[in-house]
Structure formats: structure tokens, C-alpha cells
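Some notes on the structure that comes next.
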Amino acid sequence: MRLATRLQGLQANVFADMDRAKQEAIAAGLPLWDLSLGSSDLPVAPHIVAAIQDSLQDSHSFGYTLFGATADLRRAIAQWLVVKFGVEVDPETEVLPLIGSQEGTGHLPLAVLNPGDMALLQNPGYPSHYGGVALAGGVPYGMELRPETGFLPQFDRIPGDVLARTRLMVLSYPHNPTTAIAPREFWEEALAFARRHDLVLAHDFPYVDFALDGSLPPSVLQVDRGRERSLEFFSLSKSYHMGGLRVGFAVGNRELIGALRRIKAVVDFNQYRGILRGAIAALTGPQDGLGHTQQILRERRDAAVQAFRAIGWTVPVPAATMYLWAPLPGGGNSLRFCQELVKNTGVALAPGSGFGSAGEGTCVWPWCSLRRFCRRRSRRSANFSDKLRSIAVLHSDETRQVGLQGRSPRIGSIRLSLGRKTVSF
Ligand SMILES: Cc1ncc(COP(=O)(O)O)c(C=O)c1O
């Protein structure tokens, strides 16, 4: 049997290698603690659950949900956008419900790119952005994000021959994995750049409510007020803890919304109506849960950063999202580190290299689900702190100690120990 060559463009070798290491940990009898996804463990608000529950009693809720049947949700989204950003859009032509924002950004390249066209993506960036371009037969160009430039791309570094072939630019701030926030001036610059080169400007915005100082990060729709060439993707997965329910939406340029709708029409009939009603309840109901979520996330973030520092691993304090972007103290191979970590402790993380070449030397720790980490007195003592204690960053005195054992690791390298077993990087 022969399969399509496009599958090769989708191969995320890093994540496949991590999957193998996870299986080895399970086979060795370690309880797997999979932190490689930023999935919230906080409860969905009761009014959202009630809306879904009520739908289950409504026998009319089980049929296909055609576009017309999404009208109430589209109106709720338009209303939400006015309240949130003061932006008015037409719910008929400028709003499209999605099965999660990833479904939308994954399908968008099919609506915008011809085979061989290029798309500007972030490096490091969200892997699905690369997958979507590959599905459409497009060619990604990873714009390197560096700490010294605030993890914002330098548009003037993109070669002219790349720009001549580029049709689409996908950005996402607050940014997974680096946690950077883009200021409004950056969006003005990005829009001017997209205009100059006639690009579609897509903004993946699932962390709209995750600037942890409570501020609201800018929307591209506040800058592209005429919705000339922008499309913004929102998610209910993070803000309302509804990741498993798969609901998000796109808002923006009507031609792009229409094109994405045509692609989606081939693939799906939207979700179950009860989920859409849950989304309406989330967007139109009380929003005080957002502040509560941020409070919990701040506590978990601070506890995680403190625990890292206690073992000598200095990590930047994330201002947004739910991740620690943690450069390995001695640099080095992030996949190898994550493989050894899961094989020795059962804790699975995402290696930075899975987010692109500029992610090498770093690993991503989602602390959003570290509930046990913050409850040290919990009877379940196998918490994150305990796991973390089994990893130590070597300082000079420890180097001597390890040296006595016949090893000579670099200062700043990582020693990972569990019982009598020690692994150094
Ligand atoms: C940048 C980014 N986009 C999209 C998603 C997925 O969002 P959704 O659940 O709405 O598909 C994530 C999830 O981690 C993400 O980090």
C-alpha cells in the first residue's frame, strides 16, 4: 500500500520520539505524568455545564448543525468582541465557529495557499501551524524569534525571494512556547508589512485572557479596523477550560471567512448544538471566572519558578500563557533531556526542538495543571516538587562530588537522579 507523500511533511519526529520514551516509562512501571500539553485541570463553570446539560434533554439538539443553526453563537461572538475589544463585526459574514482554533488555523492554508506558495510562521512556533501549511502543499518559512528582540520576528531579515512567494503570515501572541506578548505597535508594523507584500495576516489568539498581570493583549482587529486582510482565531479551550469540548471561532475579513467556510463545508457540519450553547453561555455569562483562573495560574507559576530556582535552574518568569520556557542550563539537546526525564521520573515535557530549530536547547513546562504541586500537604505525595527534587542543576561543588564518582560533567549541566540512578547532561 502506498500513502500520500504529504504525510512526510507532517511527521513530527520529535513528538514521535517522545511518545516512544513515554511508552518505555510506562513499561518500566513509572506512573506517567504527561505535561507535554497545556491542558487546564480547572473546572468548567456551572452555568456552562448547565447549558450543555439542558441541551441533552432537548431532542431537537441532536441533528446536524448547519451554518444557519450557528447564528446564535455567531451573534454572541460579535457581542463578546464589542465588549472585549470595542470591535464591531457582522455575525453573518465576518464570524465563523470552529472545532477549536487549531481546526481553523490548520485549514486556513488550504483556503489561501497554492502548492509551492510560502507562509511565514514563527520559529519556535505552534507545530500545527507548520502542519497546516504542509497539508496545503505550501512551504513554511520560520521567522526566528530571539529573546533579545522580545521574541518578535524581524521582518527586515526575511529574504526578498521568500517574500515574492509568500501569501500568508501566521502569528500568535501571547506566544506558545516563549510566553512573549506583542505590543500594539508590533501589530501596526505587522499589518503594514502584510499590506506591503499583499499577505493574509492570521493571528492565533487562544491566550487572549492569559496576560497574567490582568491586562488585555492587543487584537489584530483593533489595528486592521476595516478587516482588510486579517483573520483572528479564538478558543474556548483555555479561557473557559473547555479544551475537550473543541470549540473556537475565527473573526475577520469576510472573503477569508467565506473561503475558510467553504473548506470546512467539505469536512464537517459543526459540533453538537449543546456544545455551541455551552459556548454561548461562556461568552455571554459572567466573566469573573477569568480573574479567578489568572489568580490560580499566578500562584502555580510562582510556585513552579520558585521550585526551579531552588534546584539552581534559573528560568524566566512568564508574563503570559501557562508555560515555562526553560533554557537548559548547559544548553544541549532538548529531546534527549526530555527523553531521559520521562524515562527516569515519568514526567513528560515538550522538548523545545519540537517547536522549531530555534527552540533547541530549551524545554517547555506547562505548569497550568500542576494542582498537586501547590498542595504540598496533599496525601498524594508524589507531586511535582518531589519529581523536581530528583533533578538538580550542577554547581561547582556538586561537580566535584560527581567527579568523585568518575564523571566529569560540565558546570551548569543537569543531573537527574532517581534512587541510585543518575543521568547527567
Ligand atoms: C498557539 C495555540 N493555538 C491553538 C491551540 C489549540 O487551541 P484549540 O483547543 O482551540 O484548538 C493551542 C493549544 O495549546 C495553542 O497553544
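Identifiers in this document derive from the order of the C-alpha cells: chains are assigned A, B, ..., residues are numbered from 1 separately in each chain, and ligands are numbered from 1 in order of occurrence.
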
Each residue of chain A with at least one atom at most 9 Å from ligand 1 should appear once, together with its nearest atom pair and the corresponding distance in Å (one decimal); atoms considered: only C-alpha atoms and all ligand atoms; ordering: chain, then increasing residue number; output as CSV.
```
residue,atom,partner,partner_atom_place_in_ligand_line,distance
A:Leu37,CA,ligand 1,14 (O),6.6
A:Gly38,CA,ligand 1,14 (O),5.3
A:Ser39,CA,ligand 1,14 (O),7.2
A:Leu98,CA,ligand 1,10 (O),8.3
A:Ile99,CA,ligand 1,11 (O),7.0
A:Gly100,CA,ligand 1,10 (O),3.5
A:Ser101,CA,ligand 1,10 (O),3.7
A:Gln102,CA,ligand 1,11 (O),3.7
A:Glu103,CA,ligand 1,11 (O),6.0
A:Gly104,CA,ligand 1,11 (O),8.0
A:Thr105,CA,ligand 1,4 (C),7.9
A:Gly125,CA,ligand 1,1 (C),7.6
A:Tyr126,CA,ligand 1,1 (C),5.3
A:Pro127,CA,ligand 1,1 (C),8.6
A:Ser128,CA,ligand 1,3 (N),7.7
A:His129,CA,ligand 1,3 (N),8.2
A:Leu171,CA,ligand 1,1 (C),8.9
A:Ser172,CA,ligand 1,1 (C),6.1
A:Tyr173,CA,ligand 1,1 (C),8.0
A:Pro174,CA,ligand 1,1 (C),8.4
A:His175,CA,ligand 1,1 (C),6.6
A:Asn176,CA,ligand 1,16 (O),5.2
A:Pro177,CA,ligand 1,16 (O),7.5
A:Asp204,CA,ligand 1,3 (N),5.8
A:Phe205,CA,ligand 1,1 (C),7.0
A:Pro206,CA,ligand 1,3 (N),5.8
A:Tyr207,CA,ligand 1,16 (O),7.7
A:Phe233,CA,ligand 1,10 (O),8.3
A:Phe234,CA,ligand 1,10 (O),6.7
A:Ser235,CA,ligand 1,10 (O),4.1
A:Leu236,CA,ligand 1,10 (O),6.2
A:Ser237,CA,ligand 1,9 (O),4.8
A:Lys238,CA,ligand 1,9 (O),7.2
A:Met242,CA,ligand 1,9 (O),7.9
A:Gly243,CA,ligand 1,9 (O),5.0
A:Gly244,CA,ligand 1,9 (O),7.6
A:Leu245,CA,ligand 1,9 (O),8.5
A:Arg246,CA,ligand 1,9 (O),6.0
A:Val247,CA,ligand 1,10 (O),6.2
A:Gly248,CA,ligand 1,10 (O),5.2
A:Phe249,CA,ligand 1,10 (O),8.2
A:Thr321,CA,ligand 1,16 (O),8.5
```

If you keep C-alpha atoms, can you produce a file of those selected residues as a PDB file, in the first residue's frame?
```
ATOM      1  CA  LEU A  37       0.175  19.554  26.576  1.00  0.00           C
ATOM      2  CA  GLY A  38      -1.093  22.812  28.070  1.00  0.00           C
ATOM      3  CA  SER A  39      -4.409  21.363  29.199  1.00  0.00           C
ATOM      4  CA  LEU A  98     -14.666  26.356  14.641  1.00  0.00           C
ATOM      5  CA  ILE A  99     -13.972  22.980  16.196  1.00  0.00           C
ATOM      6  CA  GLY A 100     -11.213  24.604  18.250  1.00  0.00           C
ATOM      7  CA  SER A 101      -8.897  27.302  16.960  1.00  0.00           C
ATOM      8  CA  GLN A 102      -6.443  24.644  15.794  1.00  0.00           C
ATOM      9  CA  GLU A 103      -9.015  23.343  13.332  1.00  0.00           C
ATOM     10  CA  GLY A 104      -9.227  26.837  11.844  1.00  0.00           C
ATOM     11  CA  THR A 105      -5.524  27.606  11.612  1.00  0.00           C
ATOM     12  CA  GLY A 125       6.075  28.209  16.874  1.00  0.00           C
ATOM     13  CA  TYR A 126       2.996  26.078  17.361  1.00  0.00           C
ATOM     14  CA  PRO A 127       3.562  22.796  15.477  1.00  0.00           C
ATOM     15  CA  SER A 128       0.065  22.711  13.981  1.00  0.00           C
ATOM     16  CA  HIS A 129       0.769  25.966  12.093  1.00  0.00           C
ATOM     17  CA  LEU A 171       1.485  34.980  14.243  1.00  0.00           C
ATOM     18  CA  SER A 172       0.412  34.120  17.773  1.00  0.00           C
ATOM     19  CA  TYR A 173       0.802  36.324  20.890  1.00  0.00           C
ATOM     20  CA  PRO A 174       0.808  35.742  23.842  1.00  0.00           C
ATOM     21  CA  HIS A 175       3.122  33.195  22.403  1.00  0.00           C
ATOM     22  CA  ASN A 176       3.296  29.475  22.967  1.00  0.00           C
ATOM     23  CA  PRO A 177       6.011  28.449  23.795  1.00  0.00           C
ATOM     24  CA  ASP A 204      -3.889  32.656  16.554  1.00  0.00           C
ATOM     25  CA  PHE A 205      -5.106  34.147  19.846  1.00  0.00           C
ATOM     26  CA  PRO A 206      -6.034  31.342  22.296  1.00  0.00           C
ATOM     27  CA  TYR A 207      -4.210  33.100  25.168  1.00  0.00           C
ATOM     28  CA  PHE A 233      -8.618  32.828  15.833  1.00  0.00           C
ATOM     29  CA  PHE A 234     -10.021  32.474  19.347  1.00  0.00           C
ATOM     30  CA  SER A 235     -10.506  29.430  21.553  1.00  0.00           C
ATOM     31  CA  LEU A 236     -12.717  28.460  24.467  1.00  0.00           C
ATOM     32  CA  SER A 237     -10.203  25.771  25.449  1.00  0.00           C
ATOM     33  CA  LYS A 238      -8.036  27.950  27.643  1.00  0.00           C
ATOM     34  CA  MET A 242     -13.271  23.655  27.555  1.00  0.00           C
ATOM     35  CA  GLY A 243     -10.384  22.048  25.633  1.00  0.00           C
ATOM     36  CA  GLY A 244     -12.051  18.657  25.303  1.00  0.00           C
ATOM     37  CA  LEU A 245     -15.293  20.188  24.028  1.00  0.00           C
ATOM     38  CA  ARG A 246     -13.452  21.547  20.966  1.00  0.00           C
ATOM     39  CA  VAL A 247     -14.907  24.965  20.306  1.00  0.00           C
ATOM     40  CA  GLY A 248     -13.316  28.133  18.977  1.00  0.00           C
ATOM     41  CA  PHE A 249     -14.020  30.742  16.304  1.00  0.00           C
ATOM     42  CA  THR A 321       0.286  31.831  28.866  1.00  0.00           C
TER      43      THR A 321
END
```

Mind listing the strand (DSSP E or B) residues of range 69-305 of chain A, per DSSP on the backbone, as a ChimeraX atom specification? /A:95-98,118-123,139-144,166-171,200-204,211,230-235,248-252

Write a file of the selected residues as an mmCIF file, in the first residue's frame, keeping C-alpha atoms.
```cif
data_model
loop_
_atom_site.group_PDB
_atom_site.id
_atom_site.type_symbol
_atom_site.label_atom_id
_atom_site.label_comp_id
_atom_site.auth_asym_id
_atom_site.auth_seq_id
_atom_site.Cartn_x
_atom_site.Cartn_y
_atom_site.Cartn_z
ATOM 1 C CA VAL A 95 -17.594 35.284 12.116
ATOM 2 C CA LEU A 96 -17.094 31.518 11.782
ATOM 3 C CA PRO A 97 -17.455 28.953 14.597
ATOM 4 C CA LEU A 98 -14.666 26.356 14.641
ATOM 5 C CA MET A 118 5.211 30.151 1.103
ATOM 6 C CA ALA A 119 3.893 31.025 4.551
ATOM 7 C CA LEU A 120 5.740 32.987 7.240
ATOM 8 C CA LEU A 121 5.497 31.189 10.573
ATOM 9 C CA GLN A 122 7.125 31.653 13.956
ATOM 10 C CA ASN A 123 10.230 29.652 14.911
ATOM 11 C CA VAL A 139 6.369 25.844 2.110
ATOM 12 C CA PRO A 140 6.893 27.256 5.617
ATOM 13 C CA TYR A 141 9.487 29.930 6.323
ATOM 14 C CA GLY A 142 10.253 30.012 10.047
ATOM 15 C CA MET A 143 10.897 33.558 11.297
ATOM 16 C CA GLU A 144 13.331 33.161 14.180
ATOM 17 C CA THR A 166 4.700 34.330 0.347
ATOM 18 C CA ARG A 167 0.907 34.617 0.647
ATOM 19 C CA LEU A 168 0.288 34.105 4.350
ATOM 20 C CA MET A 169 1.778 35.072 7.700
ATOM 21 C CA VAL A 170 0.647 33.354 10.907
ATOM 22 C CA LEU A 171 1.485 34.980 14.243
ATOM 23 C CA VAL A 200 -3.025 37.377 4.582
ATOM 24 C CA LEU A 201 -2.383 38.106 8.254
ATOM 25 C CA ALA A 202 -3.618 35.375 10.617
ATOM 26 C CA HIS A 203 -3.456 35.746 14.385
ATOM 27 C CA ASP A 204 -3.889 32.656 16.554
ATOM 28 C CA ALA A 211 -1.578 38.001 30.306
ATOM 29 C CA SER A 230 -6.700 39.858 8.848
ATOM 30 C CA LEU A 231 -8.265 36.858 10.465
ATOM 31 C CA GLU A 232 -8.110 36.231 14.212
ATOM 32 C CA PHE A 233 -8.618 32.828 15.833
ATOM 33 C CA PHE A 234 -10.021 32.474 19.347
ATOM 34 C CA SER A 235 -10.506 29.430 21.553
ATOM 35 C CA GLY A 248 -13.316 28.133 18.977
ATOM 36 C CA PHE A 249 -14.020 30.742 16.304
ATOM 37 C CA ALA A 250 -12.498 32.932 13.609
ATOM 38 C CA VAL A 251 -13.324 36.606 13.126
ATOM 39 C CA GLY A 252 -12.148 38.941 10.395
#
```

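The shortest atom-to-atom distance to Asp34 in chain A, with only C-alpha atoms taken into account, belongs to A:Asp19 out of A:Asp224, A:Glu88, A:Asp19, A:Asp117.
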
So which residues touch Ala282 in chain A within 8 Å, counting only C-alpha atoms, skipping near sequence neighbours fewer than 5 positions away, as a ChimeraX atom specification? /A:47-48,240,287

Just the helix (DSSP H, G or I) stuff from range 198-244 of chain A, please, per backbone DSSP, written as a PyMOL selection string. chain A and resi 220-222+243-244

Which neighbours of Trp365 in chain A fall inside 10 Å, counting only C-alpha atoms, when residues of the same chain fewer than 3 positions from it are skipped, and could you give them as a list of chain:residue names? A:Leu35, A:Ser36, A:Leu37, A:Gly38, A:Pro177, A:Ala304, A:Met322, A:Tyr323, A:Leu324, A:Trp325, A:Ala326, A:Ala348, A:Leu349, A:Ala350, A:Pro351, A:Gly352, A:Thr362, A:Cys368

Distance CA of Asp17 in chain A-CA of Gly106 in chain A, one decimal place? 22.9 Å

How far is it from CA of Leu3 in chain A to CA of Leu135 in chain A, in Å with one decimal? 13.8 Å
